[in-house]
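**Q** Below is a structure I'd like to ask you about.
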Amino acid sequence: MKKAILPILLALSIGAYSIREVFRQPTYKELTKTQWKDALSHEADIWRLHATEALGILGDSGDVPDLVRMLEDIRDAIAIQAARSLGKLGAQASTAEPELIRAFARSSAVRCASILALGEIGPSGQSIEALRRALIEKDSETRKRAVQMLGRFGADAIEAIPELKKCIDDPVPAVREETIKSLGRIDPSTVPFIAKSLGQSSGPIAAAAIEALGNAGRAAHKAVPALVKMLGQSDPATSRSIIDTLTRIGPAAFPALIEASIDGKADLRCFTAFTLARSMNAKEGMGDVVDTLYSKFGERAAPTLVTALTIGNQDVRTAAARALSELGPKASNAVPVLIDALKSDDERLQLAVIVALGQIGKTSEPAVPDLCRILADGTPSSRMEVLNALEKIGPAAHQAVSALMATLAEEDESLRLGAAAALGSIGSPSAPAVPTLIRILKSESRRAWEVADAIGLIGPEASAAVPALIDVLQDKSEFARSIGAEALGRIGPAAAQAIPHLEEALKDSDDRVRSQASQALEKIKKKKR
(Lines give C-alpha, C1' and ligand atoms only; values in the text may rest on other atoms or scores of the structure.)
Protein backbone atom coordinates (compact mmCIF):
# COMPACT_ATOMS: atom_id res chain seq x y z
CA MET A 1 0.00 0.00 0.00
CA LYS A 2 2.78 2.39 0.94
CA LYS A 3 4.56 1.63 -2.34
CA ALA A 4 1.42 2.58 -4.31
CA ILE A 5 1.06 5.96 -2.52
CA LEU A 6 4.64 7.19 -3.13
CA PRO A 7 4.35 7.72 -6.93
CA ILE A 8 1.13 9.64 -6.41
CA LEU A 9 2.73 11.95 -3.83
CA LEU A 10 5.75 12.46 -6.10
CA ALA A 11 3.54 13.35 -9.06
CA LEU A 12 1.55 15.82 -6.96
CA SER A 13 4.71 17.50 -5.67
CA ILE A 14 6.14 17.83 -9.20
CA GLY A 15 2.83 19.26 -10.42
CA ALA A 16 2.76 21.79 -7.59
CA TYR A 17 6.33 22.79 -8.39
CA SER A 18 5.41 23.34 -12.07
CA ILE A 19 2.40 25.47 -11.14
CA ARG A 20 4.59 27.63 -8.88
CA GLU A 21 7.08 28.12 -11.71
CA VAL A 22 4.33 29.22 -14.08
CA PHE A 23 3.08 31.83 -11.64
CA ARG A 24 6.60 33.12 -11.11
CA GLN A 25 6.83 34.07 -14.79
CA PRO A 26 6.22 37.69 -15.86
CA THR A 27 2.80 38.29 -17.34
CA TYR A 28 1.30 40.45 -20.06
CA LYS A 29 -2.43 41.06 -20.01
CA GLU A 30 -2.65 38.44 -17.22
CA LEU A 31 -1.13 35.62 -19.29
CA THR A 32 2.35 34.20 -18.78
CA LYS A 33 5.03 34.00 -21.41
CA THR A 34 4.48 30.22 -21.70
CA GLN A 35 0.79 30.74 -22.34
CA TRP A 36 1.51 33.37 -24.99
CA LYS A 37 4.01 31.09 -26.73
CA ASP A 38 1.32 28.41 -26.90
CA ALA A 39 -1.01 31.01 -28.46
CA LEU A 40 1.42 31.56 -31.37
CA SER A 41 -0.11 28.45 -32.97
CA HIS A 42 -3.72 29.43 -32.31
CA GLU A 43 -6.01 29.19 -35.33
CA ALA A 44 -7.46 32.66 -34.65
CA ASP A 45 -5.48 35.52 -36.22
CA ILE A 46 -6.16 37.83 -33.29
CA TRP A 47 -4.57 35.41 -30.81
CA ARG A 48 -1.47 34.97 -32.98
CA LEU A 49 -1.22 38.76 -33.32
CA HIS A 50 -1.44 39.41 -29.57
CA ALA A 51 0.93 36.54 -28.80
CA THR A 52 3.50 37.98 -31.20
CA GLU A 53 3.18 41.37 -29.49
CA ALA A 54 3.51 39.78 -26.04
CA LEU A 55 6.84 38.12 -26.93
CA GLY A 56 8.25 41.49 -27.87
CA ILE A 57 7.47 42.64 -24.34
CA LEU A 58 8.23 39.46 -22.35
CA GLY A 59 10.74 37.75 -24.60
CA ASP A 60 14.50 37.43 -24.92
CA SER A 61 17.00 36.04 -27.41
CA GLY A 62 15.60 32.53 -26.88
CA ASP A 63 12.30 33.63 -28.40
CA VAL A 64 13.79 34.94 -31.65
CA PRO A 65 13.08 31.68 -33.60
CA ASP A 66 9.38 31.88 -32.66
CA LEU A 67 9.20 35.50 -33.78
CA VAL A 68 10.99 34.68 -37.02
CA ARG A 69 8.35 32.02 -37.65
CA MET A 70 5.64 34.64 -37.09
CA LEU A 71 7.45 36.97 -39.50
CA GLU A 72 6.53 34.41 -42.19
CA ASP A 73 2.83 34.38 -41.26
CA ILE A 74 0.55 34.90 -44.27
CA ARG A 75 -1.18 37.76 -42.50
CA ASP A 76 0.67 41.07 -43.03
CA ALA A 77 -0.54 42.41 -39.70
CA ILE A 78 1.10 39.49 -37.84
CA ALA A 79 4.31 39.76 -39.89
CA ILE A 80 4.46 43.51 -39.13
CA GLN A 81 3.99 42.82 -35.41
CA ALA A 82 6.71 40.16 -35.54
CA ALA A 83 9.12 42.70 -37.02
CA ARG A 84 8.18 45.22 -34.33
CA SER A 85 8.70 42.65 -31.57
CA LEU A 86 12.11 41.69 -32.97
CA GLY A 87 12.98 45.37 -32.98
CA LYS A 88 11.99 45.65 -29.31
CA LEU A 89 14.44 42.87 -28.47
CA GLY A 90 17.17 45.02 -30.03
CA ALA A 91 20.62 43.49 -30.33
CA GLN A 92 19.28 40.23 -28.88
CA ALA A 93 17.49 39.69 -32.21
CA SER A 94 20.58 40.09 -34.40
CA THR A 95 20.29 36.50 -35.63
CA ALA A 96 16.98 37.46 -37.26
CA GLU A 97 18.58 39.96 -39.66
CA PRO A 98 18.54 37.62 -42.72
CA GLU A 99 14.81 36.88 -42.26
CA LEU A 100 14.01 40.58 -41.77
CA ILE A 101 15.88 41.40 -44.97
CA ARG A 102 14.02 38.65 -46.85
CA ALA A 103 10.77 40.21 -45.61
CA PHE A 104 11.60 43.25 -47.77
CA ALA A 105 10.05 41.27 -50.64
CA ARG A 106 6.61 41.41 -49.04
CA SER A 107 4.27 44.42 -48.92
CA SER A 108 5.44 47.99 -48.32
CA ALA A 109 4.12 47.92 -44.74
CA VAL A 110 6.00 44.70 -43.86
CA ARG A 111 9.12 46.04 -45.55
CA CYS A 112 9.00 49.31 -43.57
CA ALA A 113 8.43 47.44 -40.29
CA SER A 114 11.43 45.22 -41.06
CA ILE A 115 13.59 48.25 -41.85
CA LEU A 116 12.66 49.83 -38.52
CA ALA A 117 13.48 46.54 -36.74
CA LEU A 118 16.95 46.49 -38.34
CA GLY A 119 17.46 50.01 -37.04
CA GLU A 120 16.55 48.91 -33.50
CA ILE A 121 18.82 45.85 -33.67
CA GLY A 122 21.79 47.98 -34.67
CA PRO A 123 24.30 48.24 -37.49
CA SER A 124 25.89 45.29 -39.26
CA GLY A 125 27.37 44.79 -42.69
CA GLN A 126 24.33 42.93 -44.04
CA SER A 127 21.76 45.34 -42.59
CA ILE A 128 23.58 48.40 -43.96
CA GLU A 129 23.86 46.77 -47.39
CA ALA A 130 20.12 45.97 -47.36
CA LEU A 131 19.24 49.53 -46.39
CA ARG A 132 21.46 50.90 -49.16
CA ARG A 133 19.50 48.79 -51.67
CA ALA A 134 16.23 50.02 -50.15
CA LEU A 135 17.18 53.59 -51.00
CA ILE A 136 16.22 52.97 -54.63
CA GLU A 137 12.88 51.24 -53.96
CA LYS A 138 9.89 52.70 -55.82
CA ASP A 139 7.94 53.10 -52.60
CA SER A 140 8.79 56.50 -51.03
CA GLU A 141 7.95 55.36 -47.49
CA THR A 142 10.53 52.58 -47.84
CA ARG A 143 13.15 55.06 -49.02
CA LYS A 144 12.33 57.41 -46.15
CA ARG A 145 12.59 54.66 -43.49
CA ALA A 146 15.86 53.36 -44.95
CA VAL A 147 17.33 56.88 -44.84
CA GLN A 148 16.20 57.29 -41.23
CA MET A 149 17.73 54.01 -40.06
CA LEU A 150 21.05 54.70 -41.79
CA GLY A 151 21.08 58.03 -39.97
CA ARG A 152 20.45 56.21 -36.69
CA PHE A 153 23.52 54.04 -37.35
CA GLY A 154 25.64 57.21 -37.48
CA ALA A 155 29.27 56.81 -38.47
CA ASP A 156 28.80 53.04 -38.88
CA ALA A 157 26.81 53.76 -42.05
CA ILE A 158 29.46 55.96 -43.69
CA GLU A 159 29.75 53.57 -46.65
CA ALA A 160 26.16 54.53 -47.57
CA ILE A 161 27.05 58.22 -48.09
CA PRO A 162 27.23 58.01 -51.95
CA GLU A 163 23.70 56.59 -52.16
CA LEU A 164 22.39 59.03 -49.56
CA LYS A 165 23.78 62.02 -51.47
CA LYS A 166 21.69 60.92 -54.45
CA CYS A 167 18.60 60.98 -52.24
CA ILE A 168 19.05 64.73 -51.76
CA ASP A 169 17.33 65.04 -55.18
CA ASP A 170 14.52 62.62 -54.33
CA PRO A 171 11.17 63.80 -55.80
CA VAL A 172 9.49 63.35 -52.41
CA PRO A 173 10.20 66.23 -49.97
CA ALA A 174 9.97 63.98 -46.88
CA VAL A 175 12.76 61.77 -48.23
CA ARG A 176 14.95 64.81 -48.98
CA GLU A 177 14.28 66.14 -45.48
CA GLU A 178 15.31 62.88 -43.77
CA THR A 179 18.35 62.58 -46.07
CA ILE A 180 19.72 65.93 -44.91
CA LYS A 181 19.27 64.95 -41.24
CA SER A 182 20.94 61.55 -41.73
CA LEU A 183 23.92 62.96 -43.64
CA GLY A 184 24.67 65.24 -40.70
CA ARG A 185 24.49 62.35 -38.24
CA ILE A 186 26.67 60.00 -40.29
CA ASP A 187 29.48 62.17 -41.59
CA PRO A 188 30.34 65.74 -40.46
CA SER A 189 32.36 66.18 -43.67
CA THR A 190 29.05 66.42 -45.56
CA VAL A 191 28.41 69.81 -43.92
CA PRO A 192 29.25 71.83 -47.09
CA PHE A 193 26.89 69.55 -49.04
CA ILE A 194 24.14 70.17 -46.47
CA ALA A 195 24.83 73.91 -46.34
CA LYS A 196 24.14 74.21 -50.08
CA SER A 197 20.54 73.25 -49.48
CA LEU A 198 20.04 76.29 -47.24
CA GLY A 199 19.87 78.63 -50.19
CA GLN A 200 18.07 76.21 -52.48
CA SER A 201 15.19 75.16 -50.26
CA SER A 202 12.66 76.47 -47.80
CA GLY A 203 10.16 75.12 -45.31
CA PRO A 204 10.74 71.64 -43.83
CA ILE A 205 13.80 70.88 -45.98
CA ALA A 206 15.58 74.07 -44.94
CA ALA A 207 14.58 73.33 -41.33
CA ALA A 208 16.10 69.86 -41.67
CA ALA A 209 19.34 71.37 -42.97
CA ILE A 210 19.46 73.79 -40.05
CA GLU A 211 18.87 70.92 -37.60
CA ALA A 212 21.51 68.75 -39.26
CA LEU A 213 24.10 71.51 -39.03
CA GLY A 214 23.27 71.94 -35.36
CA ASN A 215 23.71 68.20 -34.79
CA ALA A 216 27.11 68.38 -36.48
CA GLY A 217 28.20 70.92 -33.85
CA ARG A 218 31.64 72.40 -34.30
CA ALA A 219 32.16 70.44 -37.50
CA ALA A 220 29.59 72.78 -39.10
CA HIS A 221 31.72 75.90 -38.62
CA LYS A 222 32.09 76.35 -42.40
CA ALA A 223 28.33 76.74 -42.67
CA VAL A 224 28.23 79.82 -40.42
CA PRO A 225 28.26 82.38 -43.30
CA ALA A 226 25.34 80.62 -45.03
CA LEU A 227 23.39 80.46 -41.77
CA VAL A 228 24.02 84.13 -41.05
CA LYS A 229 22.87 85.09 -44.55
CA MET A 230 19.70 83.07 -44.08
CA LEU A 231 19.17 84.64 -40.63
CA GLY A 232 18.60 88.04 -42.19
CA GLN A 233 16.02 86.71 -44.65
CA SER A 234 13.97 84.27 -42.56
CA ASP A 235 10.75 84.39 -40.62
CA PRO A 236 11.01 84.60 -36.79
CA ALA A 237 10.54 80.85 -36.21
CA THR A 238 13.25 79.88 -38.68
CA SER A 239 15.52 82.61 -37.34
CA ARG A 240 15.21 81.14 -33.85
CA SER A 241 16.23 77.73 -35.19
CA ILE A 242 19.23 79.28 -36.92
CA ILE A 243 20.28 81.05 -33.73
CA ASP A 244 20.00 77.79 -31.78
CA THR A 245 22.13 76.03 -34.41
CA LEU A 246 24.76 78.78 -34.31
CA THR A 247 24.88 78.31 -30.55
CA ARG A 248 25.50 74.57 -30.95
CA ILE A 249 28.25 75.18 -33.50
CA GLY A 250 30.11 77.00 -30.73
CA PRO A 251 32.91 79.59 -30.67
CA ALA A 252 33.18 79.91 -34.46
CA ALA A 253 29.60 81.22 -34.51
CA PHE A 254 29.84 83.48 -31.45
CA PRO A 255 30.73 86.67 -33.38
CA ALA A 256 27.62 86.19 -35.54
CA LEU A 257 25.47 85.62 -32.46
CA ILE A 258 26.87 88.73 -30.79
CA GLU A 259 26.18 90.77 -33.92
CA ALA A 260 22.58 89.51 -34.00
CA SER A 261 22.08 90.19 -30.31
CA ILE A 262 23.07 93.83 -30.70
CA ASP A 263 22.33 94.86 -34.27
CA GLY A 264 19.79 92.21 -35.29
CA LYS A 265 16.04 92.39 -35.69
CA ALA A 266 14.31 93.85 -32.66
CA ASP A 267 12.07 90.81 -32.14
CA LEU A 268 15.07 88.45 -32.06
CA ARG A 269 17.54 90.38 -29.93
CA CYS A 270 16.14 89.08 -26.66
CA PHE A 271 16.16 85.44 -27.84
CA THR A 272 19.68 85.82 -29.21
CA ALA A 273 20.86 87.29 -25.94
CA PHE A 274 19.42 84.27 -24.15
CA THR A 275 21.14 81.73 -26.40
CA LEU A 276 24.39 83.69 -26.33
CA ALA A 277 24.40 83.66 -22.55
CA ARG A 278 23.62 79.93 -22.60
CA SER A 279 26.69 79.42 -24.79
CA MET A 280 28.83 81.41 -22.41
CA ASN A 281 27.75 79.19 -19.56
CA ALA A 282 30.10 76.53 -20.93
CA LYS A 283 33.66 77.04 -19.74
CA GLU A 284 35.06 76.26 -23.14
CA GLY A 285 34.60 79.15 -25.52
CA MET A 286 33.42 81.61 -22.87
CA GLY A 287 36.64 83.58 -23.10
CA ASP A 288 36.14 83.97 -26.85
CA VAL A 289 32.68 85.38 -26.32
CA VAL A 290 33.76 87.85 -23.67
CA ASP A 291 36.77 88.98 -25.69
CA THR A 292 34.59 89.59 -28.72
CA LEU A 293 31.96 91.41 -26.68
CA TYR A 294 34.55 93.67 -25.10
CA SER A 295 36.77 94.34 -28.13
CA LYS A 296 34.06 94.68 -30.78
CA PHE A 297 31.14 96.23 -28.94
CA GLY A 298 32.40 97.57 -25.62
CA GLU A 299 29.62 98.90 -23.44
CA ARG A 300 27.12 98.33 -26.28
CA ALA A 301 27.23 94.66 -25.29
CA ALA A 302 25.93 95.35 -21.79
CA PRO A 303 22.21 95.55 -22.74
CA THR A 304 22.45 92.13 -24.39
CA LEU A 305 23.85 90.60 -21.23
CA VAL A 306 21.39 92.45 -19.00
CA THR A 307 18.58 90.91 -21.04
CA ALA A 308 20.03 87.44 -20.49
CA LEU A 309 20.38 88.21 -16.78
CA THR A 310 16.67 88.97 -16.49
CA ILE A 311 15.02 86.32 -18.71
CA GLY A 312 17.07 83.18 -18.36
CA ASN A 313 17.23 80.24 -16.00
CA GLN A 314 19.86 80.19 -13.28
CA ASP A 315 22.61 78.91 -15.56
CA VAL A 316 21.95 81.59 -18.16
CA ARG A 317 21.75 84.37 -15.57
CA THR A 318 24.99 83.20 -13.98
CA ALA A 319 26.75 83.23 -17.34
CA ALA A 320 25.44 86.72 -18.09
CA ALA A 321 26.67 88.01 -14.71
CA ARG A 322 30.12 86.54 -15.35
CA ALA A 323 30.26 88.22 -18.75
CA LEU A 324 29.19 91.55 -17.26
CA SER A 325 32.04 91.28 -14.77
CA GLU A 326 34.42 91.04 -17.72
CA LEU A 327 33.02 94.28 -19.12
CA GLY A 328 33.81 95.96 -15.79
CA PRO A 329 32.94 99.70 -15.56
CA LYS A 330 31.43 99.57 -19.05
CA ALA A 331 28.58 97.54 -17.53
CA SER A 332 27.62 100.24 -15.02
CA ASN A 333 24.06 100.44 -16.40
CA ALA A 334 23.58 96.84 -15.30
CA VAL A 335 23.91 97.66 -11.59
CA PRO A 336 20.13 97.84 -10.84
CA VAL A 337 19.53 94.44 -12.46
CA LEU A 338 22.54 92.96 -10.68
CA ILE A 339 21.23 94.27 -7.35
CA ASP A 340 17.91 92.53 -8.02
CA ALA A 341 19.78 89.31 -8.87
CA LEU A 342 21.50 89.41 -5.46
CA LYS A 343 18.20 88.24 -3.97
CA SER A 344 18.53 84.85 -5.70
CA ASP A 345 18.80 81.74 -3.54
CA ASP A 346 21.19 80.21 -6.08
CA GLU A 347 24.67 80.60 -4.63
CA ARG A 348 26.46 80.35 -7.99
CA LEU A 349 24.39 83.21 -9.39
CA GLN A 350 24.82 85.28 -6.25
CA LEU A 351 28.60 84.82 -6.31
CA ALA A 352 28.78 85.80 -10.00
CA VAL A 353 26.72 88.93 -9.31
CA ILE A 354 28.90 89.95 -6.36
CA VAL A 355 32.01 89.58 -8.51
CA ALA A 356 30.40 91.64 -11.28
CA LEU A 357 29.50 94.46 -8.88
CA GLY A 358 33.08 94.53 -7.66
CA GLN A 359 34.48 94.61 -11.19
CA ILE A 360 32.14 97.44 -12.17
CA GLY A 361 33.64 99.43 -9.31
CA LYS A 362 32.54 102.73 -7.81
CA THR A 363 29.26 102.95 -9.73
CA SER A 364 28.14 99.88 -7.77
CA GLU A 365 27.67 102.12 -4.72
CA PRO A 366 23.85 101.55 -4.68
CA ALA A 367 24.55 97.86 -4.07
CA VAL A 368 26.55 98.42 -0.87
CA PRO A 369 23.61 97.98 1.59
CA ASP A 370 22.69 94.66 -0.03
CA LEU A 371 26.33 93.57 -0.02
CA CYS A 372 26.50 94.38 3.70
CA ARG A 373 23.45 92.20 4.29
CA ILE A 374 25.19 89.27 2.63
CA LEU A 375 28.36 90.04 4.59
CA ALA A 376 26.37 89.63 7.79
CA ASP A 377 24.49 86.43 7.05
CA GLY A 378 25.79 84.93 3.79
CA THR A 379 27.73 81.74 3.16
CA PRO A 380 31.51 81.74 3.79
CA SER A 381 32.15 81.95 0.04
CA SER A 382 29.69 84.80 -0.55
CA ARG A 383 31.02 86.77 2.43
CA MET A 384 34.56 86.51 1.11
CA GLU A 385 33.45 87.68 -2.34
CA VAL A 386 31.60 90.62 -0.75
CA LEU A 387 34.82 91.71 0.95
CA ASN A 388 36.65 91.53 -2.38
CA ALA A 389 33.87 93.52 -4.06
CA LEU A 390 33.80 96.22 -1.39
CA GLU A 391 37.56 96.56 -1.71
CA LYS A 392 37.19 97.16 -5.46
CA ILE A 393 34.28 99.58 -5.04
CA GLY A 394 36.63 101.59 -2.82
CA PRO A 395 35.69 104.97 -1.27
CA ALA A 396 32.18 104.69 -2.73
CA ALA A 397 31.61 101.81 -0.27
CA HIS A 398 31.93 104.10 2.79
CA GLN A 399 28.49 102.94 4.02
CA ALA A 400 30.05 99.55 4.71
CA VAL A 401 32.53 100.73 7.37
CA SER A 402 30.41 99.58 10.32
CA ALA A 403 29.76 96.16 8.78
CA LEU A 404 33.45 95.77 8.00
CA MET A 405 34.43 96.73 11.54
CA ALA A 406 32.11 94.00 12.82
CA THR A 407 33.84 91.54 10.50
CA LEU A 408 37.22 92.42 12.04
CA ALA A 409 36.07 90.47 15.11
CA GLU A 410 35.57 87.24 13.15
CA GLU A 411 37.56 84.15 14.15
CA ASP A 412 38.26 83.36 10.49
CA GLU A 413 41.59 84.95 9.60
CA SER A 414 40.71 85.32 5.91
CA LEU A 415 37.55 87.27 6.76
CA ARG A 416 39.44 89.54 9.17
CA LEU A 417 42.15 90.31 6.66
CA GLY A 418 39.60 90.73 3.86
CA ALA A 419 37.71 93.27 5.96
CA ALA A 420 40.97 95.09 6.69
CA ALA A 421 41.78 95.30 2.98
CA ALA A 422 38.30 96.67 2.21
CA LEU A 423 38.59 99.28 4.96
CA GLY A 424 41.94 100.37 3.60
CA SER A 425 40.50 100.70 0.10
CA ILE A 426 37.67 102.89 1.42
CA GLY A 427 40.30 105.23 2.88
CA SER A 428 39.80 108.02 5.40
CA PRO A 429 36.14 107.14 6.25
CA SER A 430 37.60 103.98 7.83
CA ALA A 431 39.38 105.98 10.55
CA PRO A 432 37.09 104.59 13.32
CA ALA A 433 38.50 101.13 12.57
CA VAL A 434 42.14 102.12 13.20
CA PRO A 435 42.31 101.02 16.90
CA THR A 436 40.99 97.57 15.96
CA LEU A 437 43.39 97.37 13.02
CA ILE A 438 46.28 98.18 15.34
CA ARG A 439 45.31 95.29 17.62
CA ILE A 440 45.11 92.94 14.65
CA LEU A 441 48.44 94.22 13.29
CA LYS A 442 50.13 93.31 16.55
CA SER A 443 48.62 89.82 16.59
CA GLU A 444 49.01 88.93 12.90
CA SER A 445 52.73 88.25 12.72
CA ARG A 446 52.42 85.91 9.74
CA ARG A 447 50.43 88.30 7.52
CA ALA A 448 51.18 91.61 9.18
CA TRP A 449 51.87 93.27 5.86
CA GLU A 450 48.21 93.01 4.80
CA VAL A 451 46.99 94.93 7.83
CA ALA A 452 49.87 97.42 7.57
CA ASP A 453 48.94 98.09 3.96
CA ALA A 454 45.29 98.72 4.92
CA ILE A 455 46.29 101.13 7.67
CA GLY A 456 48.53 103.05 5.31
CA LEU A 457 45.70 103.43 2.78
CA ILE A 458 43.53 105.10 5.43
CA GLY A 459 46.13 107.89 5.40
CA PRO A 460 46.82 110.63 7.96
CA GLU A 461 43.74 109.61 10.00
CA ALA A 462 45.66 106.44 10.91
CA SER A 463 48.47 108.29 12.74
CA ALA A 464 47.73 106.36 15.95
CA ALA A 465 49.14 103.29 14.19
CA VAL A 466 52.63 104.79 13.67
CA PRO A 467 54.27 102.96 16.64
CA ALA A 468 52.85 99.64 15.47
CA LEU A 469 54.07 100.32 11.91
CA ILE A 470 57.53 101.13 13.26
CA ASP A 471 57.54 97.63 14.77
CA VAL A 472 56.73 96.22 11.29
CA LEU A 473 60.01 97.73 10.06
CA GLN A 474 61.70 95.06 12.18
CA ASP A 475 59.67 92.16 10.72
CA LYS A 476 61.70 89.20 9.45
CA SER A 477 59.86 89.38 6.10
CA GLU A 478 61.44 91.81 3.61
CA PHE A 479 58.04 92.27 1.98
CA ALA A 480 56.38 93.16 5.31
CA ARG A 481 59.16 95.69 6.07
CA SER A 482 58.71 97.35 2.68
CA ILE A 483 54.92 97.58 3.19
CA GLY A 484 55.45 99.04 6.67
CA ALA A 485 57.70 101.76 5.24
CA GLU A 486 55.20 102.51 2.47
CA ALA A 487 52.35 102.79 5.00
CA LEU A 488 54.31 105.28 7.09
CA GLY A 489 54.90 107.36 3.98
CA ARG A 490 51.18 107.45 3.25
CA ILE A 491 50.41 108.70 6.76
CA GLY A 492 52.71 111.62 6.07
CA PRO A 493 53.82 114.31 8.59
CA ALA A 494 51.95 112.60 11.43
CA ALA A 495 54.50 109.78 11.12
CA ALA A 496 57.45 112.03 11.99
CA GLN A 497 58.42 109.88 14.96
CA ALA A 498 59.23 107.11 12.47
CA ILE A 499 61.99 109.17 10.75
CA PRO A 500 64.92 107.65 12.70
CA HIS A 501 63.61 104.16 12.08
CA LEU A 502 63.13 104.83 8.37
CA GLU A 503 66.67 106.24 8.18
CA GLU A 504 67.89 103.03 9.75
CA ALA A 505 65.85 101.12 7.15
CA LEU A 506 67.90 102.80 4.42
CA LYS A 507 70.64 100.33 5.40
CA ASP A 508 68.34 97.31 4.98
CA SER A 509 69.71 94.39 2.96
CA ASP A 510 66.63 94.37 0.70
CA ASP A 511 66.34 96.81 -2.22
CA ARG A 512 62.58 97.18 -1.89
CA VAL A 513 62.79 98.08 1.80
CA ARG A 514 65.47 100.69 1.13
CA SER A 515 63.45 102.15 -1.76
CA GLN A 516 60.21 102.40 0.22
CA ALA A 517 62.01 103.86 3.25
CA SER A 518 63.57 106.52 1.03
CA GLN A 519 60.22 107.44 -0.52
CA ALA A 520 58.53 107.53 2.90
CA LEU A 521 61.16 109.87 4.32
CA GLU A 522 60.76 112.16 1.34
CA LYS A 523 56.97 112.34 1.80
CA ILE A 524 57.17 112.89 5.54
CA LYS A 525 59.91 115.52 5.45
CA LYS A 526 58.52 117.31 2.41
CA LYS A 527 55.10 117.69 3.93
CA LYS A 528 56.64 118.62 7.28
CA ARG A 529 58.41 121.58 5.73
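The way I read the labels, and the way they are meant: chains A, B, ... in the order of the C-alpha coordinates, residue 1 as the first residue of every chain, and ligand 1 as the first ligand shown, with later ones counted on from there.
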Find the residues around range 242-254 of chain A up to 6 Å (only C-alpha atoms counted), leave out those fewer than 5 positions away in its own chain, and share them as JSON, numbers by chain.
**A** {"A": [214, 217, 218, 221, 285]}
**Q** For CA of Gln516 in chain A and CA of Glu486 in chain A, quote the distance in Å rounded to one decimal.
**A** 5.5 Å
**Q** Counting only C-alpha atoms, what is within 8 Å of range 150-163 of chain A, bar same-chain residues fewer than 5 positions away, as a list in words?
**A**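 The contact residues come out as Gly119, Gly122, Pro123, Ile128, Leu131, Arg132, Leu135, Lys181, Ser182, Leu183, Arg185, Ile186 and Asp187 of chain A.
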**Q** Which residue out of A:Met384, A:Ile426, A:Ile115, A:Val337 has the minimum interatomic distance to Gly361 in chain A when only C-alpha atoms are used?
**A**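 Comparing A:Met384, A:Ile426, A:Ile115, A:Val337 against Gly361 in chain A, the winner is A:Ile426.
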**Q** Do a neighbour search on range 191-193 of chain A at 9 Å with only C-alpha atoms, toss out local chain neighbours closer than 4 positions, and write the hits as a PyMOL selection string.
**A** chain A and resi 165+183-184+187+197+212-213+216+219-223
**Q** Which residue gives the smallest distance to Lys523 in chain A among A:Ala113, A:Val228, A:Val68, A:Leu502, with only C-alpha atoms counted?
**A**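 Checking each of A:Ala113, A:Val228, A:Val68, A:Leu502 against Lys523 in chain A, counting only C-alpha atoms, the winner is A:Leu502.
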**Q** Any idea what the distance is between CA of Ile78 in chain A and CA of Ala44 in chain A?
**A**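 For CA of Ile78 in chain A relative to CA of Ala44 in chain A, the distance reads 11.4 Å.
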**Q** Rounded to one decimal place, report the CA of Ala195 in chain A-CA of Arg240 in chain A distance in Å.
**A** 17.3 Å
**Q** Would you pick out the contacts of Pro380 in chain A at 12 Å or less, using only C-alpha atoms, so that residues sharing its chain but fewer than 2 positions from it are not included, and give the list as a ChimeraX atom specification?
**A** /A:347,351,374-378,382-387,410,412,414-415
**Q** Name the closest residue to Ala421 in chain A among the candidates A:Leu342, A:Ala389, A:Val355, A:Val306; distances are taken between atoms, counting only C-alpha atoms.
**A**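 When distances to Ala421 in chain A are compared using only C-alpha atoms, the smallest one comes from A:Ala389.
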